[in-house]
Amino acid sequence: MDRQQLGIVIHHSQYVVVGPNPKPPHLPKRHRLRLPPAVHAPPPIAAGTTLDGQTAIITGSNTGLGLEAARQLLRLNLSRLILAVRSRAKGDVAAEVLRHEFPHAQIEVWILDMEDPKSVSAFAVKCDQDLGRIDIVILNAGVQNKDAVVSAKTGNEQTFQVNYLSTVMLATLLLPILKAKAGPAGKPARLTVVTSTTAYFADFDHERPILLQFGADKYDPTKWYAREKLLQMIFVRNLSTLMDPDQVIINTVCPGLVGETEIWRTLNTKIILRYLFSAYFTLFGRSLAEGASTYVHAVVVAGRESHGGF
């Protein structure tokens, strides 16, 4: 599959949002996959920006980037926050920390197991039944395993289930709910899927059905993650064609290389790898706050021009 078909152009700035059908760049082929340089300054938020009265949902938000994104949204006076997490105990700990920092906000913990389609479906039903308004959804939950793990609940390879199948399932289920429960006219709801620039290096066997290439017997952590993120981008682009951006803006975002997140926990179990990862992230990575600021940019700053884009 030609990467230009995705309508995604790698720009020299991490924060430039490209729409779903940009004109392909007239660059030598060797330059077309050049990754953007590290940008450490968070994107600016206009003075006076407030999320007062708004409700946000963030999946995978008890630690790491999801928790930090929650904190940054609450600093903008977000009124209600749903921490969608798999572990009630861990979610409650995170919620208590945030409640202490932001006593003005209503902060709730809802259970969501992205490995279980039944949990995903039940979560969407709860959103429809229990929330009168939804302004922001950030689908941040993800996993990356060193070795293949077969999900007992679906029989699928775990990262493929969580990172792609359940993510697109939840996005699809929430989209009509977002449309129905958005805020005042002129303020479209936001649905952002957290993806990765590793998608640009994804490769498939073009002679075989794509989804059948995710068998656990052929698992490779680097290849799988890139492929899953590429499929996320393709899905979001197509999903965006079904929704008016004046009602719901759908986009994707990459936080960049961030070491302070649990997604790496199964890859650096050996001491030597921990030191190597730590050194690499220190030299080339972003801080947690810098990475999470891209989420805030996607749901607060980026407008209709970002619909279907990255």
# chains A, B, ... in the order shown; residues from 1 in each chain; ligands from 1
call {"tool": "select_by_dssp", "arguments": {"residues": "region 49-279 of chain A", "states": "alpha helix (DSSP H)", "output": "PyMOL selection string"}}
result
chain A and resi 64-75+88-101+117-130+158-159+167-181+221-240+271-279
call {"tool": "closest_atom_pairs", "arguments": {"of": "region 131-239 of chain A", "to": "region 56-67 of chain A", "cutoff": "9 Å", "atoms": "only C-alpha atoms", "output": "CSV"}}
result
residue,atom,partner,partner_atom,distance
A:Ile134,CA,A:Ala56,CA,6.3
A:Asp135,CA,A:Ala56,CA,5.9
A:Ile136,CA,A:Ala56,CA,4.4
A:Val137,CA,A:Ile57,CA,4.7
A:Ile138,CA,A:Ile58,CA,4.8
A:Leu139,CA,A:Thr59,CA,5.3
A:Asn140,CA,A:Thr59,CA,5.3
A:Ala141,CA,A:Gly60,CA,4.1
A:Gly142,CA,A:Gly60,CA,7.3
call {"tool": "write_last_selection", "arguments": {"atoms": "all heavy atoms", "output": "PDB file, in the first residue's frame"}}
result
ATOM      1  N   ILE A 134     -20.773  14.869  26.221  1.00  0.00           N
ATOM      2  CA  ILE A 134     -19.401  14.387  25.999  1.00  0.00           C
ATOM      3  C   ILE A 134     -18.747  15.320  24.992  1.00  0.00           C
ATOM      4  O   ILE A 134     -19.246  15.494  23.877  1.00  0.00           O
ATOM      5  CB  ILE A 134     -19.356  12.947  25.457  1.00  0.00           C
ATOM      6  CG1 ILE A 134     -20.209  12.008  26.306  1.00  0.00           C
ATOM      7  CG2 ILE A 134     -17.901  12.450  25.420  1.00  0.00           C
ATOM      8  CD1 ILE A 134     -20.300  10.600  25.751  1.00  0.00           C
ATOM      9  N   ASP A 135     -17.656  15.928  25.389  1.00  0.00           N
ATOM     10  CA  ASP A 135     -16.964  16.877  24.515  1.00  0.00           C
ATOM     11  C   ASP A 135     -15.668  16.323  23.938  1.00  0.00           C
ATOM     12  O   ASP A 135     -15.298  16.651  22.816  1.00  0.00           O
ATOM     13  CB  ASP A 135     -16.649  18.153  25.306  1.00  0.00           C
ATOM     14  CG  ASP A 135     -17.893  18.795  25.864  1.00  0.00           C
ATOM     15  OD1 ASP A 135     -18.509  19.593  25.145  1.00  0.00           O
ATOM     16  OD2 ASP A 135     -18.254  18.493  27.016  1.00  0.00           O
ATOM     17  N   ILE A 136     -14.966  15.503  24.724  1.00  0.00           N
ATOM     18  CA  ILE A 136     -13.629  15.055  24.344  1.00  0.00           C
ATOM     19  C   ILE A 136     -13.478  13.571  24.653  1.00  0.00           C
ATOM     20  O   ILE A 136     -13.811  13.120  25.751  1.00  0.00           O
ATOM     21  CB  ILE A 136     -12.541  15.834  25.108  1.00  0.00           C
ATOM     22  CG1 ILE A 136     -12.544  17.307  24.704  1.00  0.00           C
ATOM     23  CG2 ILE A 136     -11.158  15.225  24.899  1.00  0.00           C
ATOM     24  CD1 ILE A 136     -11.688  18.189  25.605  1.00  0.00           C
ATOM     25  N   VAL A 137     -12.979  12.814  23.685  1.00  0.00           N
ATOM     26  CA  VAL A 137     -12.588  11.422  23.912  1.00  0.00           C
ATOM     27  C   VAL A 137     -11.179  11.243  23.371  1.00  0.00           C
ATOM     28  O   VAL A 137     -10.908  11.547  22.214  1.00  0.00           O
ATOM     29  CB  VAL A 137     -13.545  10.427  23.229  1.00  0.00           C
ATOM     30  CG1 VAL A 137     -13.004   9.001  23.369  1.00  0.00           C
ATOM     31  CG2 VAL A 137     -14.941  10.528  23.820  1.00  0.00           C
ATOM     32  N   ILE A 138     -10.280  10.747  24.219  1.00  0.00           N
ATOM     33  CA  ILE A 138      -8.918  10.430  23.799  1.00  0.00           C
ATOM     34  C   ILE A 138      -8.718   8.932  23.984  1.00  0.00           C
ATOM     35  O   ILE A 138      -8.724   8.430  25.110  1.00  0.00           O
ATOM     36  CB  ILE A 138      -7.870  11.209  24.619  1.00  0.00           C
ATOM     37  CG1 ILE A 138      -8.077  12.715  24.474  1.00  0.00           C
ATOM     38  CG2 ILE A 138      -6.458  10.821  24.173  1.00  0.00           C
ATOM     39  CD1 ILE A 138      -7.145  13.552  25.342  1.00  0.00           C
ATOM     40  N   LEU A 139      -8.540   8.214  22.876  1.00  0.00           N
ATOM     41  CA  LEU A 139      -8.312   6.773  22.925  1.00  0.00           C
ATOM     42  C   LEU A 139      -6.809   6.540  23.008  1.00  0.00           C
ATOM     43  O   LEU A 139      -6.111   6.457  21.996  1.00  0.00           O
ATOM     44  CB  LEU A 139      -8.937   6.094  21.707  1.00  0.00           C
ATOM     45  CG  LEU A 139     -10.457   6.291  21.566  1.00  0.00           C
ATOM     46  CD1 LEU A 139     -10.997   5.464  20.412  1.00  0.00           C
ATOM     47  CD2 LEU A 139     -11.184   5.951  22.857  1.00  0.00           C
ATOM     48  N   ASN A 140      -6.329   6.449  24.230  1.00  0.00           N
ATOM     49  CA  ASN A 140      -4.906   6.387  24.524  1.00  0.00           C
ATOM     50  C   ASN A 140      -4.426   4.991  24.902  1.00  0.00           C
ATOM     51  O   ASN A 140      -3.244   4.682  24.763  1.00  0.00           O
ATOM     52  CB  ASN A 140      -4.614   7.360  25.679  1.00  0.00           C
ATOM     53  CG  ASN A 140      -3.283   7.122  26.336  1.00  0.00           C
ATOM     54  OD1 ASN A 140      -2.234   7.452  25.797  1.00  0.00           O
ATOM     55  ND2 ASN A 140      -3.301   6.541  27.531  1.00  0.00           N
ATOM     56  N   ALA A 141      -5.321   4.123  25.359  1.00  0.00           N
ATOM     57  CA  ALA A 141      -4.912   2.808  25.856  1.00  0.00           C
ATOM     58  C   ALA A 141      -4.196   2.012  24.773  1.00  0.00           C
ATOM     59  O   ALA A 141      -4.621   1.969  23.615  1.00  0.00           O
ATOM     60  CB  ALA A 141      -6.134   2.036  26.350  1.00  0.00           C
ATOM     61  N   GLY A 142      -3.083   1.391  25.162  1.00  0.00           N
ATOM     62  CA  GLY A 142      -2.326   0.593  24.220  1.00  0.00           C
ATOM     63  C   GLY A 142      -1.373  -0.326  24.953  1.00  0.00           C
ATOM     64  O   GLY A 142      -1.127  -0.170  26.149  1.00  0.00           O
TER      65      GLY A 142
END
call {"tool": "residues_around", "arguments": {"residues": "region 116-119 of chain A", "least_positions_apart": "4", "cutoff": "9 Å", "atoms": "only C-alpha atoms", "output": "tab-separated table (two decimals) with C-alpha atoms, in the first residue's frame"}}
result
chain	number	residue	atom	x	y	z
A	111	ILE	CA	-13.88	0.11	34.04
A	112	LEU	CA	-12.80	-0.60	30.47
A	123	PHE	CA	-18.50	0.95	28.25
A	124	ALA	CA	-20.08	2.60	25.21
A	151	SER	CA	-5.89	-13.14	24.48
A	153	LYS	CA	-11.04	-13.58	25.70
A	154	THR	CA	-10.81	-13.45	21.92
A	161	GLN	CA	-6.77	-6.86	19.91
A	162	VAL	CA	-6.04	-3.87	22.14
A	165	LEU	CA	-9.52	-4.12	17.00
A	166	SER	CA	-10.85	-2.79	20.31
A	169	MET	CA	-14.54	-0.78	17.86
A	170	LEU	CA	-14.76	1.77	20.65
call {"tool": "residues_around", "arguments": {"residues": "region 91-107 of chain A", "least_positions_apart": "6", "cutoff": "8 Å", "atoms": "only C-alpha atoms", "output": "count of residues only"}}
result
16
call {"tool": "residues_around", "arguments": {"residues": "Arg133 (chain A)", "least_positions_apart": "3", "cutoff": "7 Å", "atoms": "only C-alpha atoms", "output": "list in words"}}
result
Thr55, Lys181, Ala182 and Gly183 of chain A
call {"tool": "write_last_selection", "arguments": {"atoms": "all heavy atoms", "output": "tab-separated table (two decimals), in the first residue's frame"}}
result
chain	number	residue	atom	x	y	z
A	55	THR	N	-16.99	17.69	29.39
A	55	THR	CA	-16.71	16.34	29.88
A	55	THR	C	-15.73	15.67	28.94
A	55	THR	O	-15.89	15.72	27.72
A	55	THR	CB	-18.00	15.51	29.94
A	55	THR	OG1	-18.90	16.11	30.88
A	55	THR	CG2	-17.71	14.08	30.36
A	181	LYS	N	-24.34	13.90	21.92
A	181	LYS	CA	-24.12	14.49	23.23
A	181	LYS	C	-23.06	15.59	23.23
A	181	LYS	O	-22.50	15.92	24.27
A	181	LYS	CB	-23.73	13.39	24.23
A	181	LYS	CG	-24.83	12.37	24.48
A	181	LYS	CD	-24.38	11.29	25.44
A	181	LYS	CE	-25.50	10.30	25.71
A	181	LYS	NZ	-26.57	10.88	26.56
A	182	ALA	N	-22.78	16.15	22.06
A	182	ALA	CA	-21.80	17.24	21.98
A	182	ALA	C	-22.35	18.48	22.68
A	182	ALA	O	-23.54	18.56	23.00
A	182	ALA	CB	-21.48	17.54	20.52
A	183	GLY	N	-21.46	19.44	22.89
A	183	GLY	CA	-21.84	20.67	23.57
A	183	GLY	C	-22.64	21.60	22.69
A	183	GLY	O	-23.28	21.18	21.72
call {"tool": "closest_residue", "arguments": {"among": "A:Lys229, A:Leu174, A:Asn238, A:Thr197", "to": "Leu257 (chain A)", "atoms": "only C-alpha atoms"}}
result
A:Thr197
call {"tool": "residues_around", "arguments": {"residues": "region 242-255 of chain A", "least_positions_apart": "3", "cutoff": "6 Å", "atoms": "only C-alpha atoms", "output": "compact mmCIF listing (two decimals) with N, CA and C atoms, in the first residue's frame"}}
result
# COMPACT_ATOMS: atom_id res chain seq x y z
N LYS A 179 -21.82 12.53 18.70
CA LYS A 179 -22.63 13.41 17.86
C LYS A 179 -23.89 13.86 18.61
N PRO A 188 -17.84 21.52 18.03
CA PRO A 188 -17.91 20.08 17.77
C PRO A 188 -17.18 19.28 18.84
N ALA A 189 -17.67 18.07 19.08
CA ALA A 189 -16.99 17.16 19.99
C ALA A 189 -15.68 16.70 19.33
N ARG A 190 -14.79 16.13 20.13
CA ARG A 190 -13.49 15.69 19.63
C ARG A 190 -13.27 14.22 19.94
N LEU A 191 -12.81 13.49 18.94
CA LEU A 191 -12.41 12.09 19.11
C LEU A 191 -11.00 11.95 18.57
N THR A 192 -10.04 11.70 19.45
CA THR A 192 -8.64 11.59 19.06
C THR A 192 -8.11 10.20 19.37
N VAL A 193 -7.50 9.58 18.37
CA VAL A 193 -6.87 8.27 18.54
C VAL A 193 -5.37 8.47 18.61
N VAL A 194 -4.77 7.94 19.66
CA VAL A 194 -3.31 8.08 19.83
C VAL A 194 -2.62 7.04 18.96
N THR A 195 -1.81 7.51 18.05
CA THR A 195 -1.11 6.62 17.13
C THR A 195 0.40 6.88 17.23
N SER A 196 1.14 6.57 16.20
CA SER A 196 2.60 6.70 16.28
C SER A 196 3.18 6.88 14.89
N LEU A 239 -13.15 6.73 8.68
CA LEU A 239 -14.23 7.06 9.60
C LEU A 239 -14.62 8.53 9.51
N GLY A 291 5.03 15.17 25.85
CA GLY A 291 4.29 14.20 25.04
C GLY A 291 2.79 14.37 25.19
N THR A 294 0.72 17.07 23.27
CA THR A 294 0.24 16.84 21.90
C THR A 294 -1.22 16.38 21.92
N ARG A 304 -11.13 22.09 12.55
CA ARG A 304 -11.73 21.26 11.50
C ARG A 304 -10.74 20.84 10.43
N HIS A 307 -9.53 17.23 10.71
CA HIS A 307 -10.50 16.14 10.59
C HIS A 307 -9.97 15.04 9.67
N GLY A 308 -9.80 13.84 10.21
CA GLY A 308 -9.29 12.71 9.45
C GLY A 308 -7.78 12.70 9.31
N GLY A 309 -7.13 13.73 9.87
CA GLY A 309 -5.68 13.87 9.69
C GLY A 309 -4.88 13.50 10.91
N PHE A 310 -3.61 13.80 10.81
CA PHE A 310 -2.63 13.40 11.83
C PHE A 310 -1.90 14.62 12.33
